[in-house]
Structure formats: structure tokens, C-alpha cells
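Chemist: Structure: query.cif, mmCIF, C-alpha atoms.
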data_start
#
loop_
_atom_site.label_atom_id
_atom_site.label_comp_id
_atom_site.auth_asym_id
_atom_site.auth_seq_id
_atom_site.Cartn_x
_atom_site.Cartn_y
_atom_site.Cartn_z
CA MET A 1 117.77 63.63 92.86
CA SER A 2 120.15 66.28 91.52
CA SER A 3 117.24 68.67 90.89
CA ILE A 4 116.02 68.24 94.48
CA PHE A 5 119.53 68.93 95.75
CA GLY A 6 119.62 72.03 93.54
CA VAL A 7 116.40 73.33 95.09
CA PHE A 8 117.76 72.92 98.63
CA LYS A 9 121.10 74.47 97.68
CA ARG A 10 119.45 77.55 96.12
CA VAL A 11 116.91 77.99 98.91
CA TYR A 12 119.62 77.70 101.58
CA ALA A 13 121.84 80.32 99.94
CA ALA A 14 119.00 82.69 99.02
CA PHE A 15 116.79 82.55 102.11
CA ILE A 16 118.65 80.92 105.01
CA SER A 17 122.38 81.65 104.93
CA PRO A 18 123.53 83.85 102.04
CA PRO A 19 127.29 83.86 101.38
CA ARG A 20 128.96 86.97 102.72
CA PRO A 21 131.21 88.89 100.31
CA PRO A 22 134.90 89.10 101.30
CA ASN A 23 136.47 92.19 102.87
CA VAL A 24 133.31 94.29 103.05
CA GLU A 25 134.54 96.06 106.19
CA ASP A 26 137.83 97.05 104.51
CA ASN A 27 136.24 98.70 101.48
CA ASN A 28 137.18 102.25 102.51
CA ALA A 29 137.55 103.55 98.96
CA SER A 30 133.80 103.22 98.39
CA PRO A 31 131.86 103.06 101.65
CA PRO A 32 128.74 100.90 101.50
CA LEU A 33 125.34 102.47 101.03
CA LYS A 34 123.52 102.47 104.37
CA ILE A 35 120.00 101.08 104.32
CA GLY A 36 117.12 102.06 106.60
CA ILE A 37 113.85 100.11 106.72
CA LEU A 38 110.47 101.64 107.56
CA GLY A 39 108.61 99.00 109.56
CA ALA A 40 109.72 95.59 110.78
CA ALA A 41 107.55 93.93 108.13
CA ALA A 42 107.56 90.19 107.47
CA ILE A 43 108.50 90.80 103.83
CA ALA A 44 111.70 92.68 104.78
CA PRO A 45 113.99 89.70 105.52
CA PRO A 46 113.52 87.85 102.20
CA ALA A 47 113.05 91.02 100.14
CA LEU A 48 116.01 93.05 101.40
CA VAL A 49 117.78 91.85 104.54
CA LEU A 50 119.01 88.53 103.13
CA PRO A 51 119.90 89.93 99.68
CA ALA A 52 121.86 92.74 101.37
CA ILE A 53 124.02 90.27 103.29
CA SER A 54 125.65 89.07 100.06
CA HIS A 55 125.99 92.50 98.45
CA PRO A 56 129.38 94.13 99.06
CA GLU A 57 128.15 97.69 98.50
CA VAL A 58 125.34 97.95 101.06
CA GLU A 59 125.06 97.92 104.84
CA LEU A 60 122.02 97.08 106.97
CA TYR A 61 122.07 100.18 109.13
CA ALA A 62 118.73 101.08 110.77
CA VAL A 63 115.13 99.97 111.19
CA ALA A 64 112.10 101.80 112.56
CA ALA A 65 108.85 100.42 113.95
CA ARG A 66 105.90 101.88 115.83
CA ASP A 67 106.83 99.62 118.74
CA ILE A 68 110.45 100.35 119.69
CA SER A 69 110.88 96.96 121.35
CA ARG A 70 109.88 95.31 118.07
CA ALA A 71 112.38 97.50 116.21
CA GLU A 72 115.13 96.57 118.68
CA LYS A 73 114.36 92.87 118.40
CA PHE A 74 114.37 93.07 114.60
CA ALA A 75 117.64 95.03 114.57
CA ASN A 76 119.39 92.59 116.88
CA LYS A 77 118.16 89.56 114.97
CA HIS A 78 119.23 90.85 111.56
CA GLY A 79 122.36 92.80 112.41
CA PHE A 80 121.21 96.42 112.11
CA LYS A 81 123.29 98.98 113.98
CA LYS A 82 120.46 101.32 114.99
CA TRP A 83 116.74 101.24 115.61
CA TYR A 84 114.00 103.80 116.08
CA GLY A 85 110.50 103.49 117.51
CA GLY A 86 107.46 105.24 118.86
CA LYS A 87 105.20 107.72 117.12
CA ASP A 88 108.17 109.63 115.64
CA GLY A 89 110.28 106.58 114.86
CA TYR A 90 109.78 106.61 111.09
CA GLN A 91 110.63 110.30 110.83
CA GLU A 92 113.67 109.91 113.09
CA LEU A 93 114.99 107.25 110.73
CA LEU A 94 114.46 109.56 107.75
CA ASP A 95 116.26 112.34 109.61
CA ASP A 96 119.35 110.16 110.17
CA PRO A 97 121.99 111.73 107.87
CA ALA A 98 123.95 108.49 107.59
CA ILE A 99 121.16 106.67 105.72
CA ASP A 100 121.39 106.59 101.91
CA ILE A 101 118.57 104.21 100.98
CA VAL A 102 115.13 103.71 102.49
CA TYR A 103 113.13 100.54 101.93
CA ASN A 104 109.38 101.11 102.29
CA PRO A 105 107.40 97.88 102.87
CA LEU A 106 104.62 99.62 104.82
CA PRO A 107 100.94 98.89 104.04
CA ASN A 108 99.84 100.16 100.62
CA GLY A 109 97.90 103.06 102.07
CA LEU A 110 101.09 104.41 103.69
CA HIS A 111 103.34 104.08 100.66
CA TYR A 112 102.67 107.58 99.37
CA GLU A 113 103.13 109.53 102.59
CA TRP A 114 106.33 107.85 103.72
CA THR A 115 107.89 107.67 100.26
CA ILE A 116 107.26 111.38 99.79
CA LYS A 117 108.79 112.05 103.21
CA ALA A 118 111.79 109.85 102.44
CA LEU A 119 112.42 111.60 99.12
CA ALA A 120 112.02 114.98 100.81
CA ALA A 121 114.71 113.86 103.27
CA GLY A 122 117.07 113.15 100.35
CA LYS A 123 116.90 109.35 100.45
CA HIS A 124 116.79 106.94 97.53
CA VAL A 125 113.73 104.68 97.91
CA LEU A 126 113.03 101.03 97.16
CA LEU A 127 109.24 100.93 97.34
CA GLU A 128 107.16 97.80 97.69
CA LYS A 129 104.49 97.19 95.14
CA PRO A 130 101.88 98.32 94.40
CA SER A 131 103.54 101.73 94.43
CA GLY A 132 100.52 103.51 95.87
CA ASN A 133 96.76 103.45 96.21
CA THR A 134 96.22 105.40 92.98
CA ALA A 135 98.10 106.24 89.81
CA GLU A 136 98.08 109.89 90.85
CA GLU A 137 100.01 109.02 94.00
CA THR A 138 102.52 107.09 91.90
CA ARG A 139 102.88 109.97 89.46
CA ARG A 140 103.58 112.44 92.26
CA MET A 141 106.17 110.21 93.92
CA PHE A 142 108.18 109.78 90.73
CA SER A 143 107.86 113.47 89.96
CA LEU A 144 109.42 114.36 93.33
CA ALA A 145 112.17 111.76 92.87
CA ASP A 146 113.00 113.31 89.52
CA GLN A 147 113.04 116.83 90.98
CA LYS A 148 115.39 115.68 93.75
CA GLY A 149 117.65 113.63 91.49
CA LEU A 150 116.95 110.51 93.55
CA VAL A 151 116.36 106.87 92.62
CA LEU A 152 112.86 105.52 93.22
CA LEU A 153 112.04 101.96 92.21
CA GLU A 154 108.81 100.02 92.54
CA ALA A 155 109.92 96.59 93.70
CA PHE A 156 108.60 94.31 90.95
CA HIS A 157 111.44 91.94 91.74
CA TYR A 158 110.40 89.16 89.32
CA ARG A 159 111.31 91.44 86.39
CA PHE A 160 114.99 91.34 87.33
CA HIS A 161 115.34 87.54 87.14
CA PRO A 162 116.67 85.71 84.07
CA ALA A 163 113.59 83.43 83.89
CA ILE A 164 110.97 86.01 82.90
CA GLN A 165 113.50 87.79 80.71
CA ARG A 166 114.18 84.52 78.86
CA VAL A 167 110.45 84.13 78.19
CA ARG A 168 110.27 87.67 76.84
CA ALA A 169 113.34 87.02 74.65
CA ILE A 170 111.76 83.90 73.12
CA ILE A 171 108.56 85.80 72.34
CA ASP A 172 110.48 88.76 70.90
CA SER A 173 112.68 86.47 68.79
CA GLY A 174 109.71 85.55 66.59
CA GLU A 175 110.38 81.82 67.00
CA LEU A 176 106.70 81.22 67.78
CA GLY A 177 105.29 84.08 65.71
CA ALA A 178 103.27 87.01 66.92
CA ILE A 179 101.63 86.81 70.34
CA ARG A 180 97.89 86.10 70.27
CA GLU A 181 97.00 85.56 73.93
CA VAL A 182 98.74 85.96 77.27
CA ASN A 183 97.29 84.85 80.60
CA ALA A 184 98.73 85.01 84.13
CA THR A 185 97.63 83.81 87.56
CA LEU A 186 98.78 84.35 91.12
CA ALA A 187 96.53 82.62 93.62
CA ILE A 188 97.12 81.64 97.24
CA PRO A 189 95.53 78.73 99.16
CA LYS A 190 92.70 79.55 101.53
CA GLY A 191 93.93 80.15 105.08
CA ALA A 192 97.32 81.61 104.11
CA ILE A 193 95.97 85.13 104.65
CA ARG A 194 93.92 85.71 107.78
CA ASN A 195 90.82 87.86 107.98
CA ASP A 196 92.62 90.43 110.16
CA ASP A 197 95.59 90.75 107.79
CA ILE A 198 96.39 94.32 106.69
CA ARG A 199 95.76 93.18 103.12
CA MET A 200 92.10 92.90 104.08
CA ASN A 201 91.96 96.51 105.34
CA TYR A 202 90.35 98.91 102.87
CA ASP A 203 91.72 102.05 104.53
CA LEU A 204 95.25 100.67 104.15
CA GLY A 205 94.79 99.91 100.46
CA GLY A 206 93.81 96.27 100.85
CA GLY A 207 92.44 93.86 98.29
CA ALA A 208 93.63 90.94 96.18
CA MET A 209 94.02 93.02 93.03
CA MET A 210 96.29 95.41 94.92
CA ASP A 211 98.39 92.63 96.41
CA CYS A 212 98.80 89.47 94.38
CA GLY A 213 96.89 90.92 91.40
CA CYS A 214 99.49 93.55 90.61
CA TYR A 215 101.91 90.75 89.60
CA PRO A 216 99.92 89.07 86.81
CA LEU A 217 98.90 92.49 85.47
CA SER A 218 102.51 93.61 85.36
CA CYS A 219 103.58 90.30 83.82
CA VAL A 220 101.10 90.29 80.91
CA ARG A 221 101.95 93.92 80.19
CA TYR A 222 105.64 93.02 80.10
CA LEU A 223 105.22 90.04 77.78
CA ALA A 224 102.75 91.88 75.53
CA SER A 225 105.24 94.76 75.28
CA GLY A 226 102.66 97.40 76.08
CA ASN A 227 99.56 98.44 77.95
CA PRO A 228 96.06 97.04 77.54
CA SER A 229 93.69 98.78 75.19
CA ALA A 230 90.61 97.88 77.23
CA VAL A 231 89.21 96.06 80.25
CA ILE A 232 86.54 93.88 78.64
CA SER A 233 85.24 92.58 81.97
CA ALA A 234 86.27 92.26 85.60
CA THR A 235 84.62 90.29 88.38
CA ALA A 236 85.50 90.34 92.05
CA THR A 237 84.74 87.98 94.91
CA ARG A 238 84.03 90.28 97.85
CA PHE A 239 85.24 89.86 101.41
CA SER A 240 82.36 88.90 103.69
CA ARG A 241 83.44 91.37 106.39
CA ASP A 242 83.96 94.33 104.06
CA SER A 243 82.38 94.35 100.61
CA ARG A 244 84.85 97.01 99.44
CA ILE A 245 87.64 94.41 99.55
CA ASP A 246 88.16 91.75 96.89
CA ILE A 247 89.54 88.40 97.97
CA GLY A 248 89.81 87.43 94.32
CA THR A 249 89.52 89.17 90.95
CA THR A 250 89.46 87.97 87.35
CA ALA A 251 89.88 90.47 84.52
CA ASN A 252 89.62 90.05 80.76
CA LEU A 253 91.83 92.50 78.90
CA THR A 254 92.78 93.22 75.32
CA PHE A 255 96.04 94.56 73.91
CA ALA A 256 96.53 96.04 70.48
CA SER A 257 98.08 93.53 68.08
CA LEU A 258 101.67 94.19 67.10
CA LYS A 259 100.57 93.44 63.53
CA PRO A 260 98.36 96.23 62.08
CA GLY A 261 94.85 95.17 61.18
CA GLU A 262 94.89 91.92 63.15
CA GLU A 263 92.70 90.87 66.06
CA PRO A 264 93.62 92.27 69.49
CA VAL A 265 95.75 90.20 71.83
CA ARG A 266 93.52 88.63 74.49
CA SER A 267 94.49 88.36 78.13
CA ILE A 268 93.01 86.94 81.31
CA ILE A 269 94.57 87.72 84.67
CA LYS A 270 93.52 86.05 87.89
CA CYS A 271 94.37 86.68 91.53
CA ASP A 272 92.99 85.03 94.62
CA PHE A 273 93.64 85.15 98.36
CA ALA A 274 91.69 81.97 99.08
CA ILE A 275 91.85 79.03 96.66
CA PRO A 276 89.53 76.46 98.25
CA PRO A 277 90.97 73.05 99.18
CA ARG A 278 90.28 70.08 96.94
CA TRP A 279 87.30 68.03 98.08
CA GLY A 280 86.98 70.41 100.99
CA PHE A 281 90.06 69.29 102.93
CA ILE A 282 93.17 68.80 100.73
CA PRO A 283 95.22 72.04 100.62
CA ARG A 284 96.03 73.41 97.18
CA TRP A 285 99.42 74.56 95.94
CA PRO A 286 99.73 78.24 95.02
CA GLU A 287 99.00 78.94 91.37
CA ILE A 288 101.81 81.06 89.91
CA SER A 289 102.12 80.88 86.14
CA VAL A 290 102.04 82.84 82.91
CA ARG A 291 101.32 81.44 79.44
CA ALA A 292 101.51 83.09 76.05
CA VAL A 293 99.89 81.64 72.94
CA CYS A 294 101.50 82.73 69.71
CA GLU A 295 100.93 82.14 65.98
CA ARG A 296 103.03 78.99 65.87
CA GLY A 297 103.04 77.66 69.39
CA SER A 298 102.96 78.55 73.08
CA ILE A 299 105.30 79.27 75.96
CA GLU A 300 104.61 78.89 79.68
CA LEU A 301 106.61 79.88 82.75
CA PHE A 302 105.76 78.12 85.97
CA ASN A 303 106.56 80.15 89.12
CA PHE A 304 107.39 83.50 87.55
CA VAL A 305 107.29 85.22 90.97
CA MET A 306 109.89 83.13 92.83
CA PRO A 307 111.83 81.20 90.16
CA VAL A 308 114.97 80.73 92.27
CA ILE A 309 113.18 77.99 94.23
CA TYR A 310 112.13 76.17 91.08
CA HIS A 311 110.75 77.13 87.69
CA SER A 312 110.23 75.70 84.23
CA ILE A 313 109.93 77.38 80.84
CA THR A 314 107.97 75.12 78.50
CA VAL A 315 108.12 75.97 74.81
CA THR A 316 105.59 74.06 72.69
CA PRO A 317 105.81 74.77 68.95
CA ASP A 318 102.87 73.70 66.76
CA SER A 319 105.32 71.67 64.67
CA GLY A 320 108.32 70.10 66.32
CA ALA A 321 109.11 68.73 69.73
CA PRO A 322 108.42 70.72 72.91
CA ARG A 323 111.35 71.69 75.11
CA THR A 324 111.84 72.79 78.69
CA GLU A 325 114.32 75.44 79.71
CA LYS A 326 115.49 76.96 82.97
CA ALA A 327 117.24 80.29 83.46
CA TYR A 328 118.87 81.01 86.80
CA THR A 329 121.69 83.24 85.54
CA PHE A 330 122.43 85.62 82.68
CA GLU A 331 125.01 84.41 80.18
CA GLY A 332 128.08 86.54 80.72
CA GLY A 333 126.32 88.80 83.22
CA LYS A 334 126.12 89.33 86.95
CA GLY A 335 124.47 86.75 89.15
CA GLU A 336 124.66 83.34 90.74
CA GLU A 337 122.28 80.41 90.41
CA TRP A 338 121.13 80.99 94.01
CA TRP A 339 120.37 84.69 93.51
CA SER A 340 116.71 85.33 94.23
CA THR A 341 114.62 87.82 92.28
CA TYR A 342 115.18 90.17 95.24
CA ARG A 343 118.97 89.78 95.00
CA TYR A 344 118.93 90.58 91.28
CA GLN A 345 116.71 93.56 92.05
CA LEU A 346 119.08 94.87 94.73
CA GLU A 347 121.98 94.56 92.30
CA ALA A 348 120.13 96.73 89.79
CA PHE A 349 119.06 99.24 92.42
CA VAL A 350 122.60 99.72 93.73
CA ASP A 351 123.90 100.02 90.16
CA LYS A 352 121.38 102.81 89.54
CA VAL A 353 122.25 104.67 92.76
CA LYS A 354 125.96 104.33 91.96
CA GLY A 355 125.45 105.80 88.50
CA ARG A 356 125.97 102.52 86.67
CA THR A 357 123.62 101.06 84.06
CA PRO A 358 121.47 98.29 85.61
CA GLN A 359 120.82 95.08 83.69
CA THR A 360 117.12 95.96 83.62
CA TRP A 361 114.83 98.53 85.21
CA VAL A 362 111.16 99.23 85.97
CA SER A 363 110.57 102.74 84.67
CA PRO A 364 108.35 105.39 86.29
CA GLU A 365 106.04 105.17 83.26
CA ASP A 366 105.72 101.42 83.75
CA SER A 367 104.81 101.82 87.44
CA ILE A 368 102.29 104.58 86.72
CA ALA A 369 100.65 102.53 83.97
CA ASN A 370 100.36 99.42 86.15
CA MET A 371 98.56 101.46 88.80
CA GLU A 372 96.28 103.05 86.18
CA TRP A 373 95.14 99.65 84.98
CA ILE A 374 94.66 98.35 88.51
CA GLU A 375 92.28 101.26 89.02
CA LYS A 376 90.50 100.53 85.73
CA ILE A 377 90.02 96.89 86.69
CA TYR A 378 88.63 97.92 90.07
CA GLU A 379 86.28 100.36 88.35
CA GLU A 380 85.02 97.67 85.98
CA SER A 381 84.50 95.23 88.87
CA GLY A 382 82.35 97.80 90.70
CA LEU A 383 84.69 98.18 93.67
CA GLY A 384 86.44 101.38 92.64
CA SER A 385 89.92 102.63 93.55
CA ARG A 386 91.43 102.45 97.00
CA PRO A 387 91.31 105.74 98.98
CA GLN A 388 93.91 108.29 97.92
CA SER A 389 96.25 109.63 100.59
CA THR A 390 95.43 113.02 102.04
CA TYR A 391 99.05 113.71 102.98
CA VAL A 392 100.46 116.99 101.70
CA LEU A 393 104.18 117.70 101.90
CA PRO A 394 104.68 120.97 103.78
CA THR A 395 106.26 123.75 101.77
CA ALA A 396 109.16 125.72 103.19
#
Please re-express this file's structure in C-alpha cells.

Modeler:
Amino acid sequence: MSSIFGVFKRVYAAFISPPRPPNVEDNNASPPLKIGILGAAAIAPPALVLPAISHPEVELYAVAARDISRAEKFANKHGFKKWYGGKDGYQELLDDPAIDIVYNPLPNGLHYEWTIKALAAGKHVLLEKPSGNTAEETRRMFSLADQKGLVLLEAFHYRFHPAIQRVRAIIDSGELGAIREVNATLAIPKGAIRNDDIRMNYDLGGGAMMDCGCYPLSCVRYLASGNPSAVISATATRFSRDSRIDIGTTANLTFASLKPGEEPVRSIIKCDFAIPPRWGFIPRWPEISVRAVCERGSIELFNFVMPVIYHSITVTPDSGAPRTEKAYTFEGGKGEEWWSTYRYQLEAFVDKVKGRTPQTWVSPEDSIANMEWIEKIYEESGLGSRPQSTYVLPTA
């Protein structure tokens, strides 16, 4: 009963009514960073709006949407002070001198253009994943951010939570010996994503490997402490309405062993937009897990993407009793049990913008590498990369 109460308590604080920090309005010594959002996307409330409510150093300031009435409705609902709309709405938001941070949750195919424009306008950018349609786009975005002295972060929010970091710490401790195999899955029940969803649009960078597939790829790379050495095989289930789009992909990868001369570390990643129901009519739960097999046992994390709701870390040594752990907070560090992955991410992002050292970070090299291996998996599956943006930043 207590665990069920804990779930409701965390979900309520993280996603329904986050606690507001005291005296935010009176903090004149360090004015809050003003946030602007490009697009009134469905991901924006859980990913940024709700986390921002409990952060004393940020302010929800402006939102832009193609439809100005939608922008106004979004702004009024979530407490933004300004809104922009119409064909120039995005650019008008970027031109607002009051805005410090831009959150870009636009479709994948628009990430590059509007991140480049935001950086050119002098804004720090929190960019939804995947960072772009190609690794080259990602490389160019981080290069411009570096030139401008601005913070750009690809929003792999799960990496900022104590749960996945605890799994990595157990692996790195050597308790279970060297890693031999690491597999990760993120799969969604059939019907959750409609056929007309933007994630099914090739021109906008659609596809399962781009969307839910970028998570398991990132996760196995993180736990293996490096990049794959090869894509052994990759198979895609193609969308019936557009064969360039995958609704599911499975890839077999190898990583170099951390012990010289030993067999490569094996890895299978799976993503799926449409897990079929059991017996044709019973809906399936999402599949969200990662498991590492080591020399002397295994470790599995259930729900690595959204652990604040519920998660379990199961450590099973070859000799000795298995144990289950949970990690909602860092010992002696920032955070509350109800902090979502997004709230931990925002804490790190603000720390970086403010010149402080964040608890963890996703480096430019990490983001570029994840996109490179997405492209390699697509190449092996026969689908190829998503179309690269043709946008060119005008020179003065």
C-alpha cells in the first residue's frame, strides 16, 4: 500500500501540481532566466513547463506557435506572459531580447533550422532528442554553440536521474565483473501513435529509430562506456503508408571489450511504435527496460525512461541472493524523490547556463555519436538516413 501511495505522491508532484519555490518574485539579486518555447507541443508541459514551476531560477516567459490562437491558449493555460504566432511567430520569439533560453520540441526535421536560428539570436537551447536528422546537423549545431559561447543540450533526460546513474555505478564498481552483454528496449502499444502523427512523416524526420529508438541506443552506449564497434544486423518493420518509415527496428551491435583480447560486448536494441495486443485484443504495457549481463551476474533497470513514476533495479549475482534497489535521489546532492528526469535535467541545464558545474551532462561528442549510430543502423536496415536540412544561416 505504501508503494502505491508513493507512486501517486510522486506523480502528483511531478506531473500535476509541482510545489512552487518560495519568494521567486522577490529574487531581484539574480533575476530568473526567461524561457521561450518554439511550438505548443504536447511534450512541452511534462518536459519543461511543469519542471520550471518548481525551479526558482527560471520563468516561463513566451511561447510561439504557427496558429496564434493556439499559442495564446497555451500561454494562458500554463502561465506564460507572452505569445507569438503566424508565419513569423517563431522568429519573433527568437528576436525577443528578454528571452535567455529557448526550448525546441519541434519535429525532428525542424530541429536544425530553428536551433541554428536560436543560437544565432544569442539564446541558450534545450533541444529535444534526437538532436537532428543527421550527425552532420548535430555537429554544426554544437559548433555554432561553441563559437557563440552558448549552452546547447540534447534533452536525454533519463541520463540525469539517479536510477540510471546507480546502474552505471554498480557496473563500474566491478561487483559483477566486466560487462558481457547489454540490451535495451523501448516499445509502445499499438494504437498509441496514430498513422497521421508527425513521427510517421519522413520529411519531418519520422521513424521509430529516430523517436523511441534513440533512447535504447543512448542507454546501451552509456552503460557500455563507449560507442559500438559495429552494427552486425538491423531489421526494420516498414510503415504500410510510407516504406521509408520504420514502425519498429531491432539492431544487433557489438562494443569493444574493456578487457583486451576478450570477446566483444554484445548488444541488442529494440524500438517499436506498435506492440500488438495479446491474443488480438488485450492491450500491452509499454516495454521500457535495460539489462546488462556481466561476468558474475546481471543487473536490470525497469522503466529507465520515466523512473520517477516507478522503477526497480534488480541485481542478480551468480552466487548470492538477488537484491532490488530504487534510486529517486542522490545521496547528499540536489533533488527530491518526486523530481522527474526532466526536473533533474532542468537543474543541470540551469547550472550550466549559470556557470556552475552540473551533476551530470550529455556532451556534444555524445550527441554526435548517438546520431552517427542511428544513421548506421538505418543504413544497415536498408532505410537510410532521414533527409538533411537545406537551411543555411545567412552571413552578414

Chemist: Can I get the residues of region 35-77 of chain A within 10 Å of region 125-139 of chain A, each with the closest pair of atoms and their distance in Å to one decimal, using only C-alpha atoms, sorted chain first then ascending number, as a Markdown table?

Modeler:
| residue | atom | partner | partner_atom | distance |
| --- | --- | --- | --- | --- |
| A:Ile35 | CA | A:Val125 | CA | 9.7 |
| A:Gly36 | CA | A:Val125 | CA | 9.7 |
| A:Ile37 | CA | A:Leu126 | CA | 9.6 |
| A:Ile43 | CA | A:Glu128 | CA | 9.4 |
| A:Ala44 | CA | A:Glu128 | CA | 9.9 |
| A:Ala47 | CA | A:Glu128 | CA | 9.3 |
| A:Leu48 | CA | A:Leu126 | CA | 9.5 |

Chemist: Of the residues A:Leu186, A:Asp100, A:Glu379, A:Pro105, which is the one nearest to Pro31 (chain A), using all atoms listed in the file?

Modeler: A:Asp100

Chemist: Hey, which of A:Phe142, A:Tyr103, A:Phe80, A:Phe304 ends up closest to Ile116 (chain A)? Count all atoms listed in the file.

Modeler: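 Under the stated criterion, the closest residue is A:Phe142.
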
Chemist: In Å, with one decimal, what is the gap from CA of Tyr391 (chain A) to CA of Gly39 (chain A)?

Modeler: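 Atom-to-atom, CA of Tyr391 (chain A) to CA of Gly39 (chain A), that is 18.7 Å.
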
Chemist: Show me, as a PyMOL selection string, the residues that have an atom within 12 Å of Asp95 (chain A) when counting only C-alpha atoms, minus same-chain residues fewer than 5 positions from it.

Modeler: chain A and resi 36+62+64+84+88-90+100+102+117-123

Chemist: Would you export the selected residues with C-alpha atoms as a PDB file, keeping the file's coordinate frame, please?

Modeler:
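Wrote it out as result06.pdb, contents follow:
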ATOM      1  CA  GLY A  36     117.120 102.060 106.600  1.00  0.00           C
ATOM      2  CA  ALA A  62     118.730 101.080 110.770  1.00  0.00           C
ATOM      3  CA  ALA A  64     112.100 101.800 112.560  1.00  0.00           C
ATOM      4  CA  TYR A  84     114.000 103.800 116.080  1.00  0.00           C
ATOM      5  CA  ASP A  88     108.170 109.630 115.640  1.00  0.00           C
ATOM      6  CA  GLY A  89     110.280 106.580 114.860  1.00  0.00           C
ATOM      7  CA  TYR A  90     109.780 106.610 111.090  1.00  0.00           C
ATOM      8  CA  ASP A 100     121.390 106.590 101.910  1.00  0.00           C
ATOM      9  CA  VAL A 102     115.130 103.710 102.490  1.00  0.00           C
ATOM     10  CA  LYS A 117     108.790 112.050 103.210  1.00  0.00           C
ATOM     11  CA  ALA A 118     111.790 109.850 102.440  1.00  0.00           C
ATOM     12  CA  LEU A 119     112.420 111.600  99.120  1.00  0.00           C
ATOM     13  CA  ALA A 120     112.020 114.980 100.810  1.00  0.00           C
ATOM     14  CA  ALA A 121     114.710 113.860 103.270  1.00  0.00           C
ATOM     15  CA  GLY A 122     117.070 113.150 100.350  1.00  0.00           C
ATOM     16  CA  LYS A 123     116.900 109.350 100.450  1.00  0.00           C
TER      17      LYS A 123
END

Chemist: Do you have the CA of Ser319 (chain A)-CA of Val293 (chain A) distance handy?

Modeler: 14.0 Å

Chemist: Using all atoms listed in the file, which of A:Arg194, A:Lys87, A:Arg296, A:Arg386 sits nearest Arg244 (chain A)?

Modeler: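 Checking each candidate against Arg244 (chain A), we get A:Arg386 as the closest.
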
Chemist: Do you have the CA of Ala40 (chain A)-CA of Ala65 (chain A) distance handy?

Modeler: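 Those two atoms sit 5.8 Å apart.
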
Chemist: Name the residues in contact with Trp338 (chain A) at a cut-off of 10 Å, using all atoms listed in the file, excluding same-chain residues fewer than 4 positions from it; report them as a list in words.

Modeler: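 Skipping anything fewer than 4 positions along the chain leaves Gly6, Val7, Phe8, Lys9, Arg10, Val11, Tyr12, Ala13, Ala14, Phe15, Pro18, Val308, Ile309, Tyr328, Thr329 and Arg343 of chain A.
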
Chemist: Closest to Gly213 (chain A) among A:Ala251, A:Ile368, A:Ile99, A:Ala192, using all atoms listed in the file?

Modeler: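 Smallest separation from Gly213 (chain A) among the options: A:Ala251.
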
Chemist: Closest to Glu365 (chain A) among A:Lys190, A:His78, A:Lys352, A:Arg140, using all atoms listed in the file?

Modeler: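 When distances to Glu365 (chain A) are compared using all atoms listed in the file, the smallest one comes from A:Arg140.
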
Chemist: Taking (94.0, 88.6, 107.0) in the file's own coordinates, collect the residues within 12 Å, counting all atoms listed in the file, and hand them back as a ChimeraX atom specification.

Modeler: /A:190-202,206-208,239,241-242,245,247,273-274

Chemist: Name the residues that the PyMOL selection byres ((chain A and resi 163-165) around 8) pulls out of this structure, and write them as a ChimeraX atom specification.

Modeler: /A:158-162,166-169,301,304,307,311,313,326-328

Chemist: For Gly79 (chain A), work out the shell of residues within 9 Å, counting all atoms listed in the file and skipping chain neighbours fewer than 4 positions away, then give it as a list in words.

Modeler: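 Contacts, in chain order: Leu60, Tyr61, Phe74 and Ala75 of chain A.
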
Chemist: Using only C-alpha atoms for the distances, tell me which of A:Trp83, A:Ser17, A:Ser389, A:Pro189 is nearest to Arg278 (chain A).

Modeler: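 Closest to Arg278 (chain A) of all the choices is A:Pro189.
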
Chemist: For Lys259 (chain A), list every protein, DNA or RNA residue within 12 Å, evaluated using all atoms listed in the file, and leave out those in the same chain fewer than 3 positions away; present the list as number ranges by chain.

Modeler: A: 177-180, 255-256, 262-265, 295

Chemist: Could you tell me which residues the PyMOL selection byres ((chain A and resi 228) around 7) returns for this structure, as JSON, numbers by chain?

Modeler: {"A": [226, 227, 229, 230, 253, 254, 255]}

Chemist: Can you tell me which residues surround Glu175 (chain A) at a distance of at most 9 Å, considering all atoms listed in the file, apart from same-chain residues fewer than 5 positions away, and format the answer as a ChimeraX atom specification?

Modeler: /A:170,296-297,317
